[in-house]
Every structure is written in structure tokens, then in C-alpha cells.
file work19.txt (compact mmCIF, N, CA, C and O atoms)
# COMPACT_ATOMS: atom_id res chain seq x y z
N MET A 1 38.48 -3.80 -20.76
CA MET A 1 38.47 -2.58 -21.55
C MET A 1 37.02 -2.14 -21.74
O MET A 1 36.18 -2.91 -22.16
N SER A 2 36.73 -0.91 -21.41
CA SER A 2 35.35 -0.42 -21.53
C SER A 2 35.14 0.25 -22.88
O SER A 2 36.06 0.77 -23.50
N THR A 3 33.89 0.21 -23.30
CA THR A 3 33.51 0.83 -24.56
C THR A 3 33.19 2.29 -24.31
O THR A 3 32.51 2.61 -23.32
N PRO A 4 33.63 3.20 -25.19
CA PRO A 4 33.32 4.61 -24.97
C PRO A 4 31.82 4.87 -25.12
O PRO A 4 31.13 4.14 -25.84
N PRO A 5 31.31 5.90 -24.47
CA PRO A 5 29.88 6.23 -24.61
C PRO A 5 29.54 6.52 -26.06
O PRO A 5 30.37 7.00 -26.83
N GLN A 6 28.30 6.23 -26.42
CA GLN A 6 27.82 6.47 -27.78
C GLN A 6 26.93 7.70 -27.78
O GLN A 6 26.08 7.85 -26.91
N VAL A 7 27.11 8.55 -28.77
CA VAL A 7 26.28 9.72 -28.93
C VAL A 7 25.15 9.36 -29.89
O VAL A 7 25.40 8.83 -30.97
N LEU A 8 23.92 9.63 -29.47
CA LEU A 8 22.76 9.30 -30.28
C LEU A 8 22.01 10.57 -30.66
O LEU A 8 21.84 11.46 -29.83
N ALA A 9 21.53 10.60 -31.90
CA ALA A 9 20.74 11.74 -32.35
C ALA A 9 19.39 11.33 -32.92
O ALA A 9 18.52 12.17 -33.10
N THR A 10 19.21 10.03 -33.18
CA THR A 10 17.96 9.57 -33.77
C THR A 10 17.49 8.28 -33.10
O THR A 10 18.30 7.52 -32.56
N PRO A 11 16.19 8.00 -33.15
CA PRO A 11 15.68 6.73 -32.62
C PRO A 11 16.30 5.52 -33.32
O PRO A 11 16.55 4.50 -32.68
N SER A 12 16.56 5.63 -34.60
CA SER A 12 17.17 4.53 -35.34
C SER A 12 18.54 4.17 -34.75
O SER A 12 18.87 2.99 -34.60
N GLN A 13 19.30 5.18 -34.41
CA GLN A 13 20.61 4.94 -33.80
C GLN A 13 20.45 4.24 -32.46
O GLN A 13 21.24 3.36 -32.11
N LEU A 14 19.44 4.62 -31.70
CA LEU A 14 19.18 3.97 -30.42
C LEU A 14 18.86 2.50 -30.62
O LEU A 14 19.40 1.65 -29.91
N GLY A 15 18.01 2.19 -31.57
CA GLY A 15 17.67 0.80 -31.85
C GLY A 15 18.89 -0.02 -32.22
O GLY A 15 19.07 -1.14 -31.73
N HIS A 16 19.75 0.55 -33.06
CA HIS A 16 20.98 -0.15 -33.46
C HIS A 16 21.90 -0.37 -32.27
O HIS A 16 22.50 -1.43 -32.12
N LEU A 17 22.00 0.64 -31.40
CA LEU A 17 22.86 0.52 -30.22
C LEU A 17 22.34 -0.55 -29.28
O LEU A 17 23.12 -1.37 -28.78
N LEU A 18 21.02 -0.58 -29.04
CA LEU A 18 20.45 -1.59 -28.15
C LEU A 18 20.64 -2.99 -28.72
O LEU A 18 20.97 -3.93 -28.00
N GLN A 19 20.46 -3.12 -30.01
CA GLN A 19 20.65 -4.43 -30.66
C GLN A 19 22.12 -4.85 -30.58
O GLN A 19 22.43 -6.00 -30.26
N ALA A 20 23.03 -3.92 -30.87
CA ALA A 20 24.47 -4.24 -30.83
C ALA A 20 24.91 -4.62 -29.41
O ALA A 20 25.70 -5.55 -29.24
N ALA A 21 24.38 -3.93 -28.40
CA ALA A 21 24.73 -4.24 -27.01
C ALA A 21 24.24 -5.64 -26.65
O ALA A 21 24.95 -6.40 -25.98
N ARG A 22 23.04 -5.96 -27.08
CA ARG A 22 22.49 -7.30 -26.81
C ARG A 22 23.35 -8.37 -27.47
O ARG A 22 23.74 -9.36 -26.84
N LYS A 23 23.67 -8.17 -28.73
CA LYS A 23 24.47 -9.15 -29.46
C LYS A 23 25.88 -9.28 -28.90
O LYS A 23 26.45 -10.37 -28.86
N ALA A 24 26.46 -8.15 -28.46
CA ALA A 24 27.81 -8.17 -27.90
C ALA A 24 27.88 -9.03 -26.64
O ALA A 24 28.93 -9.59 -26.31
N GLN A 25 26.75 -9.15 -25.95
CA GLN A 25 26.69 -9.99 -24.76
C GLN A 25 26.29 -11.43 -25.09
O GLN A 25 26.12 -12.25 -24.19
N GLY A 26 26.09 -11.71 -26.38
CA GLY A 26 25.69 -13.05 -26.79
C GLY A 26 24.27 -13.38 -26.36
O GLY A 26 23.93 -14.55 -26.19
N MET A 27 23.46 -12.35 -26.18
CA MET A 27 22.09 -12.54 -25.70
C MET A 27 21.12 -12.56 -26.89
O MET A 27 21.22 -11.72 -27.78
N THR A 28 20.22 -13.51 -26.88
CA THR A 28 19.20 -13.57 -27.92
C THR A 28 18.06 -12.61 -27.59
O THR A 28 17.92 -12.17 -26.45
N GLN A 29 17.25 -12.33 -28.60
CA GLN A 29 16.07 -11.52 -28.36
C GLN A 29 15.15 -12.22 -27.35
O GLN A 29 14.55 -11.57 -26.50
N SER A 30 15.07 -13.54 -27.43
CA SER A 30 14.21 -14.29 -26.51
C SER A 30 14.70 -14.16 -25.06
O SER A 30 13.90 -14.01 -24.14
N ALA A 31 16.02 -14.23 -24.87
CA ALA A 31 16.56 -14.10 -23.53
C ALA A 31 16.31 -12.70 -22.97
O ALA A 31 15.92 -12.55 -21.80
N LEU A 32 16.50 -11.68 -23.79
CA LEU A 32 16.23 -10.32 -23.35
C LEU A 32 14.74 -10.14 -23.06
O LEU A 32 14.37 -9.53 -22.06
N ALA A 33 13.93 -10.69 -23.92
CA ALA A 33 12.48 -10.61 -23.72
C ALA A 33 12.08 -11.19 -22.37
O ALA A 33 11.25 -10.63 -21.66
N GLY A 34 12.69 -12.32 -22.00
CA GLY A 34 12.41 -12.93 -20.71
C GLY A 34 12.77 -12.01 -19.55
O GLY A 34 12.04 -11.93 -18.56
N ARG A 35 13.88 -11.31 -19.67
CA ARG A 35 14.29 -10.37 -18.61
C ARG A 35 13.36 -9.18 -18.52
O ARG A 35 13.17 -8.61 -17.44
N LEU A 36 12.80 -8.78 -19.65
CA LEU A 36 11.95 -7.58 -19.69
C LEU A 36 10.47 -7.88 -19.54
O LEU A 36 9.67 -6.96 -19.41
N GLY A 37 10.11 -9.16 -19.59
CA GLY A 37 8.70 -9.52 -19.51
C GLY A 37 7.95 -9.21 -20.80
O GLY A 37 6.78 -8.86 -20.77
N LEU A 38 8.65 -9.32 -21.91
CA LEU A 38 8.07 -9.06 -23.23
C LEU A 38 8.16 -10.32 -24.08
O LEU A 38 8.85 -11.27 -23.73
N SER A 39 7.52 -10.29 -25.23
CA SER A 39 7.67 -11.38 -26.19
C SER A 39 8.89 -11.11 -27.06
O SER A 39 9.34 -9.95 -27.18
N GLN A 40 9.43 -12.15 -27.66
CA GLN A 40 10.57 -11.99 -28.57
C GLN A 40 10.19 -11.08 -29.73
O GLN A 40 10.99 -10.24 -30.15
N SER A 41 8.97 -11.21 -30.23
CA SER A 41 8.56 -10.39 -31.37
C SER A 41 8.49 -8.91 -30.99
O SER A 41 8.79 -8.03 -31.81
N ARG A 42 8.12 -8.62 -29.73
CA ARG A 42 8.08 -7.23 -29.28
C ARG A 42 9.48 -6.65 -29.17
O ARG A 42 9.72 -5.49 -29.53
N VAL A 43 10.44 -7.44 -28.68
CA VAL A 43 11.83 -6.98 -28.62
C VAL A 43 12.32 -6.69 -30.03
O VAL A 43 12.93 -5.64 -30.29
N SER A 44 12.04 -7.58 -30.97
CA SER A 44 12.45 -7.37 -32.35
C SER A 44 11.85 -6.07 -32.89
O SER A 44 12.53 -5.26 -33.52
N HIS A 45 10.56 -5.88 -32.65
CA HIS A 45 9.87 -4.68 -33.13
C HIS A 45 10.51 -3.42 -32.54
O HIS A 45 10.75 -2.44 -33.26
N LEU A 46 10.77 -3.42 -31.24
CA LEU A 46 11.31 -2.23 -30.59
C LEU A 46 12.76 -1.95 -31.00
O LEU A 46 13.17 -0.79 -31.02
N GLU A 47 13.52 -2.97 -31.33
CA GLU A 47 14.87 -2.72 -31.85
C GLU A 47 14.80 -1.99 -33.19
O GLU A 47 15.67 -1.19 -33.50
N LEU A 48 13.75 -2.25 -33.95
CA LEU A 48 13.58 -1.60 -35.26
C LEU A 48 12.81 -0.28 -35.16
O LEU A 48 12.89 0.56 -36.06
N HIS A 49 12.05 -0.10 -34.08
CA HIS A 49 11.22 1.09 -33.90
C HIS A 49 11.43 1.65 -32.49
O HIS A 49 10.49 1.73 -31.69
N ALA A 50 12.66 2.02 -32.19
CA ALA A 50 13.01 2.47 -30.84
C ALA A 50 12.26 3.72 -30.42
O ALA A 50 12.13 3.99 -29.22
N GLN A 51 11.71 4.46 -31.36
CA GLN A 51 10.94 5.65 -31.01
C GLN A 51 9.68 5.31 -30.21
O GLN A 51 9.10 6.16 -29.55
N GLU A 52 9.29 4.03 -30.21
CA GLU A 52 8.11 3.61 -29.47
C GLU A 52 8.42 3.25 -28.01
O GLU A 52 7.51 3.00 -27.22
N LEU A 53 9.69 3.24 -27.64
CA LEU A 53 10.07 2.95 -26.25
C LEU A 53 9.73 4.13 -25.35
O LEU A 53 10.03 5.28 -25.68
N SER A 54 9.11 3.85 -24.21
CA SER A 54 8.91 4.90 -23.21
C SER A 54 10.24 5.05 -22.45
O SER A 54 11.12 4.19 -22.53
N VAL A 55 10.36 6.12 -21.71
CA VAL A 55 11.56 6.32 -20.90
C VAL A 55 11.70 5.17 -19.89
O VAL A 55 12.79 4.63 -19.69
N GLU A 56 10.59 4.77 -19.29
CA GLU A 56 10.61 3.66 -18.33
C GLU A 56 11.10 2.38 -19.00
O GLU A 56 11.93 1.65 -18.44
N GLN A 57 10.61 2.10 -20.20
CA GLN A 57 11.03 0.90 -20.93
C GLN A 57 12.51 0.99 -21.30
O GLN A 57 13.24 0.01 -21.20
N LEU A 58 12.95 2.16 -21.75
CA LEU A 58 14.35 2.34 -22.13
C LEU A 58 15.27 2.10 -20.94
O LEU A 58 16.29 1.42 -21.06
N LEU A 59 14.90 2.63 -19.78
CA LEU A 59 15.73 2.43 -18.59
C LEU A 59 15.76 0.96 -18.17
O LEU A 59 16.82 0.45 -17.77
N ALA A 60 14.64 0.26 -18.28
CA ALA A 60 14.61 -1.17 -17.96
C ALA A 60 15.47 -1.94 -18.95
O ALA A 60 16.20 -2.87 -18.57
N TRP A 61 15.40 -1.59 -20.21
CA TRP A 61 16.18 -2.24 -21.26
C TRP A 61 17.67 -2.04 -20.98
O TRP A 61 18.46 -2.99 -21.05
N CYS A 62 18.04 -0.80 -20.65
CA CYS A 62 19.44 -0.51 -20.32
C CYS A 62 19.90 -1.32 -19.11
O CYS A 62 21.00 -1.89 -19.12
N ALA A 63 19.07 -1.41 -18.09
CA ALA A 63 19.43 -2.19 -16.89
C ALA A 63 19.62 -3.65 -17.25
O ALA A 63 20.56 -4.29 -16.76
N ALA A 64 18.76 -4.19 -18.10
CA ALA A 64 18.86 -5.60 -18.48
C ALA A 64 20.14 -5.89 -19.26
O ALA A 64 20.65 -7.01 -19.23
N LEU A 65 20.67 -4.88 -19.95
CA LEU A 65 21.90 -5.06 -20.72
C LEU A 65 23.13 -4.51 -20.01
O LEU A 65 24.23 -4.53 -20.57
N GLY A 66 22.96 -4.00 -18.79
CA GLY A 66 24.10 -3.45 -18.07
C GLY A 66 24.58 -2.12 -18.64
O GLY A 66 25.75 -1.79 -18.53
N LEU A 67 23.67 -1.37 -19.23
CA LEU A 67 23.99 -0.05 -19.79
C LEU A 67 23.48 1.03 -18.85
O LEU A 67 22.62 0.79 -18.02
N GLU A 68 24.00 2.23 -19.01
CA GLU A 68 23.46 3.36 -18.30
C GLU A 68 23.15 4.47 -19.30
O GLU A 68 23.76 4.53 -20.37
N LEU A 69 22.21 5.30 -18.96
CA LEU A 69 21.78 6.39 -19.82
C LEU A 69 22.29 7.69 -19.22
O LEU A 69 22.07 7.95 -18.03
N ALA A 70 22.98 8.49 -20.01
CA ALA A 70 23.49 9.78 -19.55
C ALA A 70 23.04 10.86 -20.53
O ALA A 70 23.02 10.63 -21.74
N VAL A 71 22.70 12.01 -20.01
CA VAL A 71 22.27 13.13 -20.84
C VAL A 71 23.13 14.33 -20.49
O VAL A 71 23.38 14.60 -19.32
N GLY A 72 23.60 15.04 -21.50
CA GLY A 72 24.42 16.22 -21.27
C GLY A 72 24.40 17.13 -22.48
O GLY A 72 23.79 16.80 -23.50
N PRO A 73 25.06 18.26 -22.37
CA PRO A 73 25.11 19.19 -23.50
C PRO A 73 25.82 18.57 -24.71
O PRO A 73 26.73 17.76 -24.54
N ARG A 74 25.39 18.96 -25.88
CA ARG A 74 26.00 18.45 -27.11
C ARG A 74 27.42 19.00 -27.27
O ARG A 74 27.61 20.21 -27.26
N GLY A 75 28.35 18.13 -27.40
CA GLY A 75 29.72 18.48 -27.75
C GLY A 75 30.25 19.76 -27.13
O GLY A 75 30.98 20.48 -27.78
N GLY A 76 29.87 20.06 -25.91
CA GLY A 76 30.36 21.25 -25.26
C GLY A 76 29.69 22.53 -25.72
O GLY A 76 30.09 23.61 -25.32
N GLN A 77 28.68 22.43 -26.57
CA GLN A 77 27.99 23.62 -27.05
C GLN A 77 27.07 24.17 -25.96
O GLN A 77 26.52 23.43 -25.16
N ALA A 78 26.91 25.47 -25.97
CA ALA A 78 25.97 26.10 -25.04
C ALA A 78 24.55 25.70 -25.44
O ALA A 78 24.26 25.57 -26.63
N PRO A 79 23.69 25.45 -24.47
CA PRO A 79 22.32 25.07 -24.81
C PRO A 79 21.61 26.18 -25.58
O PRO A 79 21.80 27.36 -25.31
N SER A 80 20.80 25.79 -26.53
CA SER A 80 20.01 26.72 -27.32
C SER A 80 18.80 27.16 -26.52
O SER A 80 18.21 26.38 -25.78
N SER A 81 18.41 28.42 -26.67
CA SER A 81 17.26 28.91 -25.93
C SER A 81 15.95 28.42 -26.56
O SER A 81 14.91 28.46 -25.94
N THR A 82 15.99 27.98 -27.80
CA THR A 82 14.80 27.45 -28.46
C THR A 82 15.11 26.07 -28.99
O THR A 82 16.07 25.86 -29.72
N VAL A 83 14.30 25.14 -28.58
CA VAL A 83 14.46 23.76 -29.03
C VAL A 83 13.20 23.40 -29.80
O VAL A 83 12.09 23.54 -29.30
N GLN A 84 13.39 22.95 -31.02
CA GLN A 84 12.25 22.56 -31.83
C GLN A 84 12.28 21.04 -32.00
O GLN A 84 13.32 20.47 -32.25
N ALA A 85 11.14 20.46 -31.84
CA ALA A 85 11.01 19.02 -32.01
C ALA A 85 9.68 18.74 -32.68
O ALA A 85 8.76 19.54 -32.62
N ASP A 86 9.62 17.61 -33.32
CA ASP A 86 8.36 17.18 -33.94
C ASP A 86 7.52 16.49 -32.90
O ASP A 86 7.61 15.28 -32.71
N TRP A 87 6.70 17.22 -32.18
CA TRP A 87 5.87 16.66 -31.12
C TRP A 87 4.57 16.35 -31.71
O TRP A 87 3.61 16.56 -31.80
call {"tool": "encode", "arguments": {"input": "work19.txt", "output": "C-alpha cells"}}
result
Amino acid sequence: MSTPPQVLATPSQLGHLLQAARKAQGMTQSALAGRLGLSQSRVSHLELHAQELSVEQLLAWCAALGLELAVGPRGGQAPSSTVQADW
């Protein structure tokens, strides 16, 4: 049985999702760190501060957990012509 895709709107949600996926596989932070070439403390930090992940790091993290990243329009809404973000 597959898990439905998760919709994310904040970095905090991403961190929780990555942590939950790791735990669902029975994987420790140390084991994931070994796969990613990071320290356990860095994995812990990034699970709590997912906004610090680069796209490259996020994709590697997803690959290590057997996840895929998909991007699409929000809930079938037409894209907005103006997007504001805190850059």
C-alpha cells in the first residue's frame, strides 16, 4: 500500500515529512547521515531547519529515503501572475 503524496507549504512541514519518512523506514539519523555523507548532528539540525537545505541536498535526501519530489499547481488553481516571497 503506497502513501499518498504530501502537500507542503512551509519548511517546517518539509522537516517533519523528512523525519517521518526516515522513522517510517526504521532508519536512524546516523544511518541516514552515512548515506548522505553528513554527520548525525547535521541531519538532526536539517530536520529541524529544513529551510537550510539546498535543492541538491533535498534531492539527495529524497533519494536516500526512496522519496520523489514533484511540483505542480496548487489544488488545481490557476497560477498567479504575481508571486511574492521573502527573498
call {"tool": "residues_around", "arguments": {"input": "work19.txt", "residues": "Arg42 (chain A)", "least_positions_apart": "5", "cutoff": "12 Å", "atoms": "only C-alpha atoms", "output": "PDB file with N, CA, C and O atoms, in the coordinates of the input"}}
result
ATOM      1  N   GLN A  29      17.250 -12.330 -28.600  1.00  0.00           N
ATOM      2  CA  GLN A  29      16.070 -11.520 -28.360  1.00  0.00           C
ATOM      3  C   GLN A  29      15.150 -12.220 -27.350  1.00  0.00           C
ATOM      4  O   GLN A  29      14.550 -11.570 -26.500  1.00  0.00           O
ATOM      5  N   SER A  30      15.070 -13.540 -27.430  1.00  0.00           N
ATOM      6  CA  SER A  30      14.210 -14.290 -26.510  1.00  0.00           C
ATOM      7  C   SER A  30      14.700 -14.160 -25.060  1.00  0.00           C
ATOM      8  O   SER A  30      13.900 -14.010 -24.140  1.00  0.00           O
ATOM      9  N   LEU A  32      16.500 -11.680 -23.790  1.00  0.00           N
ATOM     10  CA  LEU A  32      16.230 -10.320 -23.350  1.00  0.00           C
ATOM     11  C   LEU A  32      14.740 -10.140 -23.060  1.00  0.00           C
ATOM     12  O   LEU A  32      14.370  -9.530 -22.060  1.00  0.00           O
ATOM     13  N   ALA A  33      13.930 -10.690 -23.920  1.00  0.00           N
ATOM     14  CA  ALA A  33      12.480 -10.610 -23.720  1.00  0.00           C
ATOM     15  C   ALA A  33      12.080 -11.190 -22.370  1.00  0.00           C
ATOM     16  O   ALA A  33      11.250 -10.630 -21.660  1.00  0.00           O
ATOM     17  N   GLY A  34      12.690 -12.320 -22.000  1.00  0.00           N
ATOM     18  CA  GLY A  34      12.410 -12.930 -20.710  1.00  0.00           C
ATOM     19  C   GLY A  34      12.770 -12.010 -19.550  1.00  0.00           C
ATOM     20  O   GLY A  34      12.040 -11.930 -18.560  1.00  0.00           O
ATOM     21  N   LEU A  36      12.800  -8.780 -19.650  1.00  0.00           N
ATOM     22  CA  LEU A  36      11.950  -7.580 -19.690  1.00  0.00           C
ATOM     23  C   LEU A  36      10.470  -7.880 -19.540  1.00  0.00           C
ATOM     24  O   LEU A  36       9.670  -6.960 -19.410  1.00  0.00           O
ATOM     25  N   GLY A  37      10.110  -9.160 -19.590  1.00  0.00           N
ATOM     26  CA  GLY A  37       8.700  -9.520 -19.510  1.00  0.00           C
ATOM     27  C   GLY A  37       7.950  -9.210 -20.800  1.00  0.00           C
ATOM     28  O   GLY A  37       6.780  -8.860 -20.770  1.00  0.00           O
ATOM     29  N   GLU A  47      13.520  -2.970 -31.330  1.00  0.00           N
ATOM     30  CA  GLU A  47      14.870  -2.720 -31.850  1.00  0.00           C
ATOM     31  C   GLU A  47      14.800  -1.990 -33.190  1.00  0.00           C
ATOM     32  O   GLU A  47      15.670  -1.190 -33.500  1.00  0.00           O
ATOM     33  N   LEU A  48      13.750  -2.250 -33.950  1.00  0.00           N
ATOM     34  CA  LEU A  48      13.580  -1.600 -35.260  1.00  0.00           C
ATOM     35  C   LEU A  48      12.810  -0.280 -35.160  1.00  0.00           C
ATOM     36  O   LEU A  48      12.890   0.560 -36.060  1.00  0.00           O
ATOM     37  N   HIS A  49      12.050  -0.100 -34.080  1.00  0.00           N
ATOM     38  CA  HIS A  49      11.220   1.090 -33.900  1.00  0.00           C
ATOM     39  C   HIS A  49      11.430   1.650 -32.490  1.00  0.00           C
ATOM     40  O   HIS A  49      10.490   1.730 -31.690  1.00  0.00           O
ATOM     41  N   ALA A  50      12.660   2.020 -32.190  1.00  0.00           N
ATOM     42  CA  ALA A  50      13.010   2.470 -30.840  1.00  0.00           C
ATOM     43  C   ALA A  50      12.260   3.720 -30.420  1.00  0.00           C
ATOM     44  O   ALA A  50      12.130   3.990 -29.220  1.00  0.00           O
ATOM     45  N   GLU A  52       9.290   4.030 -30.210  1.00  0.00           N
ATOM     46  CA  GLU A  52       8.110   3.610 -29.470  1.00  0.00           C
ATOM     47  C   GLU A  52       8.420   3.250 -28.010  1.00  0.00           C
ATOM     48  O   GLU A  52       7.510   3.000 -27.220  1.00  0.00           O
ATOM     49  N   LEU A  53       9.690   3.240 -27.640  1.00  0.00           N
ATOM     50  CA  LEU A  53      10.070   2.950 -26.250  1.00  0.00           C
ATOM     51  C   LEU A  53       9.730   4.130 -25.350  1.00  0.00           C
ATOM     52  O   LEU A  53      10.030   5.280 -25.680  1.00  0.00           O
TER      53      LEU A  53
END
call {"tool": "residues_near_point", "arguments": {"input": "work19.txt", "point": "(15.7, -1.4, -33.1)", "cutoff": "8 Å", "atoms": "only N, CA, C and O atoms", "output": "ChimeraX atom specification"}}
result
/A:11-19,43-51
call {"tool": "residues_around", "arguments": {"input": "work19.txt", "residues": "Arg35 (chain A)", "least_positions_apart": "3", "cutoff": "10 Å", "atoms": "only C-alpha atoms", "output": "list in words"}}
result
Gln29, Ser30, Ala31, Leu32, Leu38, Ala60, Trp61, Ala63, Ala64 and Leu65 of chain A
call {"tool": "select_by_dssp", "arguments": {"input": "work19.txt", "residues": "chain A", "states": "helix (DSSP H, G or I)", "output": "number ranges by chain"}}
result
A: 11-24, 29-36, 40-48, 50-52, 55-65, 74-76
call {"tool": "atom_distance", "arguments": {"input": "work19.txt", "atom1": "CA of Arg74 (chain A)", "atom2": "CA of Val7 (chain A)"}}
result
8.9 Å
call {"tool": "residues_around", "arguments": {"input": "work19.txt", "residues": "Ala70 (chain A)", "least_positions_apart": "6", "cutoff": "12 Å", "atoms": "only C-alpha atoms", "output": "list in words"}}
result
Pro5, Gln6, Val7, Leu8, Leu59 and Cys62 of chain A
call {"tool": "atom_distance", "arguments": {"input": "work19.txt", "atom1": "CA of Leu69 (chain A)", "atom2": "CA of Met27 (chain A)"}}
result
19.8 Å
call {"tool": "atom_distance", "arguments": {"input": "work19.txt", "atom1": "atom C of Ser41 (chain A)", "atom2": "atom O of Pro4 (chain A)"}}
result
26.6 Å
